[in-house]
Every structure is written in structure tokens, then in C-alpha cells.
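A.B. asks: One structure follows; several queries about it will come next.
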Amino acid sequence: MSAASPAAAVPDADADANARRRRRLVGWMALVLVAGIAAGLATGAAGFSPRAFWADLHAADAALILGQIRAPRTLGAALVGALLGLSGAISQGLFRNPLADPYLLGSAAGAGLGVVLVLAAASLGGAYISLATVVWIERLGVVAAAFVGALTGVAMTLSLSRGAVHTLRLLLAGVVTGVLLGAVSDLITVASPDALRGKQAFMLGSTSFLGWDALALMAAGLAVLALLVQRYARALDALTLGEDSAASLGLDLGRVRLVLVLALSLGTALAVSQSGPVAFVGLVAPHLVRRNAPGLHGWLLLASAGMGAALLLVADVLSRALIAPQELPVGVVTAVLGGGYLFWLLRQRTAP
Amino acid sequence: MTPTSRHRRALLRLLGAAALAAAALAASPAFAQPIVVRDDRGTEHRFASPPQRIVTMLPSLTETAWVLGVGSRLVGVDRFSDWPAEVAALPHLGGLEDAQIEAIAALRPDLILASTSSRAMERLEVLGFTVVRLKSESHADVQRTVKLVARVLGTPERGALLWQRIENQIDAAAARVPPDLRGRSVYFEIGGGPYAAGTASFVGETLARLGMKNIVPAALGPFPKLNPEFVVRARPDIIMGLRREQAALAARPGWDSLAAVREQRLCGFETTPYEMLTRPGPRMGEAAALLADCLARLGTAGHR
């Protein structure tokens with residue numbers, strides 16, 4: 001929990017130093033974002049190549065290849081990362097636990113189930129569900145089904161924990177929901193094995209089909225969420241002192257938690273539905289921010305969004321460049337980067 | 001401890017004797033020569049007489065046994081075997097990785113046909129069952145498998161005939177591809193994409209036999225996950241894949257620029273025929289005919 005200690009508690013000299021570190025981190029993140037977007041634009045089916053980018057820019061199909069495909073998926077990766085980073089910071093603040101991630105409340109399992117239902121609808125039709133339902137589900141599409149599934153997962157968790165009053169009960173309910181929904185989608189893939197490949201592709205994450213409309217949706221969501229959680233940043237700061245202290249400060253814990261849970265699940269659902277439950281970004285981004293430039297939640301939430309954007313952008317460029325024109329699932333790259341970072345961090349901590 | 005294992009050994013010996021007796025009864029003088037085959041893992045198998053109780057653990061092997069005319073000797077199949085309709089009545093014994101060892105052992109098969117990689121099959125081998133492990137990923141694999149299974153079943157001539165029939169079916173399908181479509185480029189999508197069936201894949205081989213060009217070169221492997229830019233750049237003349245995915249092709253960023261999408265030069269297949277297309281088994285001739293049907297339809301549409 002020490003990682004989340006409020007900066008207000010430290011003396012002035014330290015506060016100054018921390019302010020400097022925060023400014024420096026903002027500079028670094030801006031640099032990585034700009035460089036990442038540039039690299040993303042220069043990474044096509046031929047891999048990373050500025051010269052090929054120059055040729056693409058002057059080719060007849062520049063508007064198509066760069067404008068319709070490469071630009072939106074590059075910016076989209078950053079937006080997905082920002083949503084996951086923000087959601088991860090909310091989750092870690094809310095549960096006062098550095099291991100919390102955006103998928104804790106059942107949203108990833110719910111999204112996975114939604115996708116499996118769409119993929120398996122055709123083969124389940126007639127036998128398990130009515131044909132009218134099949135038509136309805138298929139029209140819904142993978143993206144909408146994942147979004148609805150993610151929100152349904154969180155709704156199940158909330159109803160199981162009877163609201164968001166007890167943190168531990170909420171966590172437990174999230175675990176139970178995740179296991180349950182995951183098992184249901186595994187069952188469906190047993191009955192309809194052709195859904196398995198599609199499910200796997202979704203769960204590993206991909207930015208392949210992000211277009212401008214998806215970007216507009218995510219940008220709007222991110223803006224709304226950022227404004228909303230800024231108003232609750234002080235409440236998260238109070239929560240770091242413990243639930244009793246927070247309550248004694250006059251905080252309506254039940255309401256605050258509910259709003260934050262809803263914000264967290266909306267952000268996660270938006271990101272997951274567009275590009276699958278990309279691993280590790282939501283977990284690692286807040287850690288990176290706290291470690292390099294600790295601060296109050298007003299800073300931490302937004303900086304985690306920026307850090308998530310930078311992380312996923314870099315991971316996406318790598319996933320496209322390493323074996324071009326083939327792609328690695330972006331979730332595998334983030335897991336290797338994020339897992340590698342945590343591995344290194346633990347070694348540092350345990351070294352004499 | 002010891003008494004039980006002695007009991008078990010005695011029981012096994014008894015069972016073995018019973019199986020031998022059954023085999024001896026079933027064997028006709030024509031099969032006096034033992035059948036010796038080497039499977040795709042290099043294991044040599046010896047059969048005193050053609051097996052009579054067969055379990056198949058791969059849909060394509062079920063189909064092979066059936067088409068070779070020994071469907072009546074099948075006593076169990078894997079979960080995914082769904083052709084012909086008659087196999088629905090047989091016990092389904094799980095998948096390759098979660099095979100129901102007990103249920104399979106209880107059926108006392110004298111031959112288990114399975115693919116090369118499976119932990120469950122190793123367990124069955126340890127239990128003393130004959131497991132012939134066959135690779136089936138390519139046209140050449142199907143040819144080898146068909147002939148080997150036919151030999152094990154004591155009907156080698158049927159294997160040669162079946163392969164000849166498959167070859168004829170593919171040639172007939174190739175002849176039906178409209179001349180102006182021959183040599184056109186195809187993008188065959190697997191699942192929801194952008195995974196492709198490349199030149200090196202089973203469907204890729206069939207497409208090549210039909211005279212079609214694949215936008216995915218063999219060097220990228222059988223089922224690469226592609227950068228969608230690659231597909232849009234390659235401008236495939238025809239897109240093939242699952243029908244339910246094709247409805248949403250135009251919604252993918254930039255894909256509405258593809259002539260194949262705009263002019264609906266698409267071959268969309270429902271799940272069941274799609275399964276047949278991608279299953280390296282004895283129905284690959286039918287699969288080729290299915291592809292030719294679609295190409296013929298696209299050809300006439302183009303002439304209007």
C-alpha cells in the first residue's frame with residue numbers, strides 16, 4: 001500500500017522534487033507518444049521503414065493505406081492504452097491494492113463470453129438457442145457483444161456483492177463472476193469448436209480493425225471518464241488513508257465506490273470491445289507512474305492514462321514490425337514487456 | 001498390492017487371450033500374411049489380421065475409415081467427427097487432448113487411429129493399445145494416410161482406388177473453373193481474420209490445384225495473422241471465408257476500397273461446408289468441387 005501513499009504527507013522539499021519528477025515524466029511520455037505515433041505511421045505491411053513510409057505518402061493509395069488503416073489503428077492503440085491505464089489506476093486506488101487491474105470485476109470474462117456467443121451462434125442455432133436469437137446475436141456483432149458482455153460481467157459482480165460497499169466482497173464477487181463466465185464460454189467452445197480460434201484471437205488482443213469511428217467513440221469515452229474521475233480524485237486520496245478515515249472525512253463510500261466502479265467498467269468495456277482484453281497495460285501503467293513520479297490521484301489517474309497510451313503504442317508498433325507482414329497478437333507483446341518489467345522490478349527489490 | 005496386480009495381470013492375460021481368439025476367428029485364410037505398417041511417428045505396427053474394432057480420434061480419419069468401406073468396424077469416434085451422419089450413433093470419446101481413456105479402453109479397440117501429437121494417445125499406448133499415429137495436414141498427408149489405413153484394414157486396393165477418385169474429383173473441379181478466373185488472386189480468411197490460409201495450407205494447396213493464385217506466399221506459413229494493410233495492398237480478386245464474417249467485410253477500415261468487396265466477388269461458406277474445406281481428409285475432392293461451384297458462379301456473374 002505504501003506505493004499509493006499520498007504525496008501531501010511528505011515535507012516541502014520532497015514535494016518540490018516530486019513536482020520536478022512529474023514534469024519530467026510528462027516530458028518523457030509526450031516524447032514516447034510522439035515518437036510512437038511516428039513509428040506507428042512508418043510501420044506497415046513491410047515492417048518499420050521510414051523510406052517505405054515516404055513512398056507510401058506519395059503513392060496513389062496513401063489516403064487508403066495511411067489514412068484509413070494505419071493512422072486510425074496507431075492512434076487507436078494509444079487510446080485503448082489510455083483507457084486501460086486510467087481504468088487500472090482507478091482499480092488500484094479503489095481497491096487500495098497494487099495488484100488490482102481493470103479486469104478484476106469480470107469485464108474481460110464477460111467480453112470473452114459475448115464474443116464466443118457471437119462466434120458460436122450459428123452452430124448453436126436450433127440445438128440450444130432459437131434461430132431468431134441467432135440472427136439477433138449475429139447482427140449485434142463482435143464489438144457490441146464484447147461491450148455488452150463486459151458491462152454484464154460487472155453488473156453480475158455488483159449484484160453478487162450487493163453494491164460496492166464492501167471492498168472484499170466486491171473483489172470476491174469479481175473473481176467468482178470471472179471464473180463462472182469463463183467456464184461458460186469454455187463450455188460453449190467445447191460444443192462449438194470453430195469458435196475457439198476466434199475467441200483466442202480476441203482474448204490475445206488486436207488493433208487490426210480499429211477505424212475512425214471506433215476512435216471517435218473511445219476518445220469521447222476517455223474525455224468523459226477523465227473529467228468524471230478528476231472530480232473523484234480527492235475521494236481516492238482520502239481512501240488511501242483507510243476506509244474508516246475516509247468515512248470520518250464525510251465521504252459517502254458506497255456512492256463514491258459505485259461511481260468509480262461504473263467509470264472503471266465503462267472504460268474497460270470500451271477498450272476491450274474494440275481490441276480485446278490486452279494484458280498487463282492496466283496493471284503496469286499506474287506502477288510505472290507511481291515509481292517514477294508519485295503524486296495525488298489527480299495526477300496519478302491522468303498520468304496512468306498517458307503511460308498506458310505510451311505503453312500500448314510501443315507494444316503495437318513492435319507487434320506489427322517484428323515479423324511483418326505477419327503480426328503478433330498485441331496482448332502477447334504487452335505481457336512480455338509488462339511481465340519483463342515486473343520481473344526486473346522484483347529482482348531489484350530483492351537484490352541485497 | 002501384489003495380489004491385486006497379479007489379479008490384474010491375470011485378467012489382462014485373459015482379455016488378451018480372448019482378443020487373440022476373436023482375431024483368429026475373424027481372420028480368413030486370405031490374410032495369413034501379417035500386415036506391417038510404419039506410422040508417421042516411425043513406429044512399426046504388426047497386425048496378424050485386419051483390425052475389427054476401430055476407434056478414430058480425428059474427423060478426417062473417421063471419414064477415411066468410412067469411405068474405405070469399414071464403417072461397420074468403427075466402435076467409437078472423437079467428439080468432432082460429424083460425417084457421415086451415421087457416426088452420430090457411435091460413442092463419442094472426447095477430443096485428442098481430453099480423450100476419455102476409460103471409455104476407449106472399455107471398448108477394447110484393436111486399432112486406434114489418431115494424429116501424431118496427443119498426450120492422451122501416449123497414455124493409451126502405455127496401456128497396451130495399438131495406436132497408429134498419422135499426420136494429416138497436406139494433400140500428400142491425405143494420400144499417404146488413405147493408402148496406409150487401407151493397407152492396415154486389409155484392403156490396399158481400395159486405398160489406391162479412393163486416392164484415384166479424389167484426384168479425378170479435383171481435376172474435374174479444376175476443369176470447371178471459368179477460364180477468365182484462372183490465375184486470379186484469392187484471399188482465404190480463417191475464422192474472423194485477419195488470419196489467412198496461405199499457399200502452404202491445405203486449402204491453399206486445393207486452391208493451387210484449381211489454378212488460383214494465393215495472395216499469401218508459402219514463406220509466411222500455413223495460417224499467418226496478417227497486417228490488414230497486406231490484404232488491402234494485395235487487392236485480391238476474390239475473397240473466401242466464413243459467410244457470417246463476410247457480411248462485415250465492408251465495415252473494416254479501408255476494405256470497402258477492395259474491388260472484391262465492392263463487387264461482391266466473395267465465396268462465403270456456412271460452418272459445415274467450411275469445416276469440410278479445411279479438413280484434410282477423403283472429402284477433399286468434394287471440397288475442391290465446392291470451391292469450383294463458387295468460382296463458376298462468380299464467372300457467370302462477371303459475364304452479365
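How things are named: the first chain in the C-alpha cells is A, the next is B, and so on; residues count from 1 in each chain; ligands count from 1 in the order shown.
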Could you make a table, as a tab-separated table, of the residues of chain A that have an atom within 9 Å of an atom of chain B, each with its nearest atom pair and distance in Å to one decimal, counting only C-alpha atoms, in chain and number order?

C.D. replies:
```
residue	atom	partner	partner_atom	distance
A:Gly44	CA	B:Glu229	CA	6.9
A:Ala45	CA	B:Phe230	CA	5.2
A:Ala46	CA	B:Phe230	CA	8.3
A:Asp61	CA	B:Arg233	CA	8.9
A:Leu64	CA	B:Gly254	CA	5.8
A:Ile65	CA	B:Glu229	CA	6.5
A:Gly67	CA	B:Gly254	CA	8.6
A:Gln68	CA	B:Gly254	CA	5.2
A:Ile69	CA	B:Pro253	CA	5.7
A:Arg70	CA	B:Glu229	CA	7.7
A:Pro72	CA	B:Pro253	CA	8.6
A:Leu119	CA	B:Gly192	CA	8.6
A:Ala122	CA	B:Thr271	CA	7.6
A:Ser123	CA	B:Thr271	CA	7.2
A:Glu138	CA	B:Arg244	CA	7.7
A:Gly141	CA	B:Ala248	CA	8.6
A:Pro193	CA	B:Phe80	CA	8.1
A:Asp194	CA	B:Gly191	CA	7.7
A:Ala195	CA	B:Gly191	CA	8.0
A:Arg197	CA	B:Gly191	CA	6.7
A:Gly198	CA	B:Gly191	CA	5.8
A:Ala201	CA	B:Gly192	CA	8.4
A:Ser208	CA	B:Pro228	CA	6.4
A:Phe209	CA	B:Arg252	CA	5.9
A:Leu210	CA	B:Pro253	CA	6.9
A:Gly211	CA	B:Pro253	CA	5.1
A:Trp212	CA	B:Pro253	CA	7.9
A:Arg320	CA	B:Asn227	CA	7.1
A:Ala324	CA	B:Asn227	CA	7.5
A:Pro325	CA	B:Asn227	CA	5.8
A:Gln326	CA	B:Leu226	CA	4.5
A:Glu327	CA	B:Lys225	CA	5.6
A:Leu328	CA	B:Lys225	CA	7.3
A:Pro329	CA	B:Lys225	CA	8.3
```

A.B. asks: Which neighbours of Asn214 in chain B fall inside 7 Å, counting only C-alpha atoms, when residues of the same chain fewer than 3 positions from it are skipped, and could you give them as a PDB file with C-alpha atoms, in the first residue's frame?

C.D. replies:
```
ATOM      1  CA  SER B 185      -5.701 -13.967 -56.749  1.00  0.00           C
ATOM      2  CA  VAL B 186      -7.581 -15.268 -53.722  1.00  0.00           C
ATOM      3  CA  TYR B 187      -7.571 -14.308 -50.052  1.00  0.00           C
ATOM      4  CA  GLY B 198      -1.655 -19.342 -47.128  1.00  0.00           C
ATOM      5  CA  THR B 199      -0.204 -21.236 -50.065  1.00  0.00           C
ATOM      6  CA  PRO B 217       3.116 -16.755 -50.202  1.00  0.00           C
TER       7      PRO B 217
END
```

A.B. asks: Counting only C-alpha atoms, what is within 10 Å of Ala35 in chain A, bar same-chain residues fewer than 6 positions away, as an MDAnalysis selection string?

C.D. replies: chainID A and resid 29 41 310 313:314

A.B. asks: Output N, CA, C and O atoms for every residue in the selection just made, as a compact mmCIF listing (two decimals), in the first residue's frame.

C.D. replies:
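Output file part_29.txt is given in full below:
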```
# COMPACT_ATOMS: atom_id res chain seq x y z
N MET A 29 6.75 11.06 -21.44
CA MET A 29 5.58 10.41 -22.03
C MET A 29 5.19 11.09 -23.34
O MET A 29 4.85 10.43 -24.32
N LEU A 41 3.12 5.16 -37.75
CA LEU A 41 2.78 5.55 -39.12
C LEU A 41 3.79 4.99 -40.11
O LEU A 41 3.47 4.77 -41.28
N ALA A 310 1.26 5.34 -24.00
CA ALA A 310 2.63 5.17 -24.49
C ALA A 310 2.99 3.69 -24.57
O ALA A 310 3.56 3.23 -25.57
N LEU A 313 1.07 1.84 -27.38
CA LEU A 313 1.55 2.32 -28.67
C LEU A 313 2.85 1.61 -29.05
O LEU A 313 2.99 1.08 -30.16
N VAL A 314 3.78 1.58 -28.12
CA VAL A 314 5.06 0.92 -28.37
C VAL A 314 4.84 -0.58 -28.65
O VAL A 314 5.38 -1.14 -29.60
```

A.B. asks: Report as a list in words all protein, DNA and RNA residues lying within 7 Å of range 116-132 of chain B, evaluated on only C-alpha atoms, omitting residues in the same chain fewer than 6 positions from it.

C.D. replies: Asp39, Asp40, Arg41, Leu96, Glu97, Asp98, Ala99, Ile101 and Asp110 of chain B

A.B. asks: Taking only range 20-89 of chain B into account, list the residues labelled alpha helix (DSSP H) by DSSP (computed from the backbone), as a VMD selection string.

C.D. replies: chain B and resid 20 to 26 59 to 65
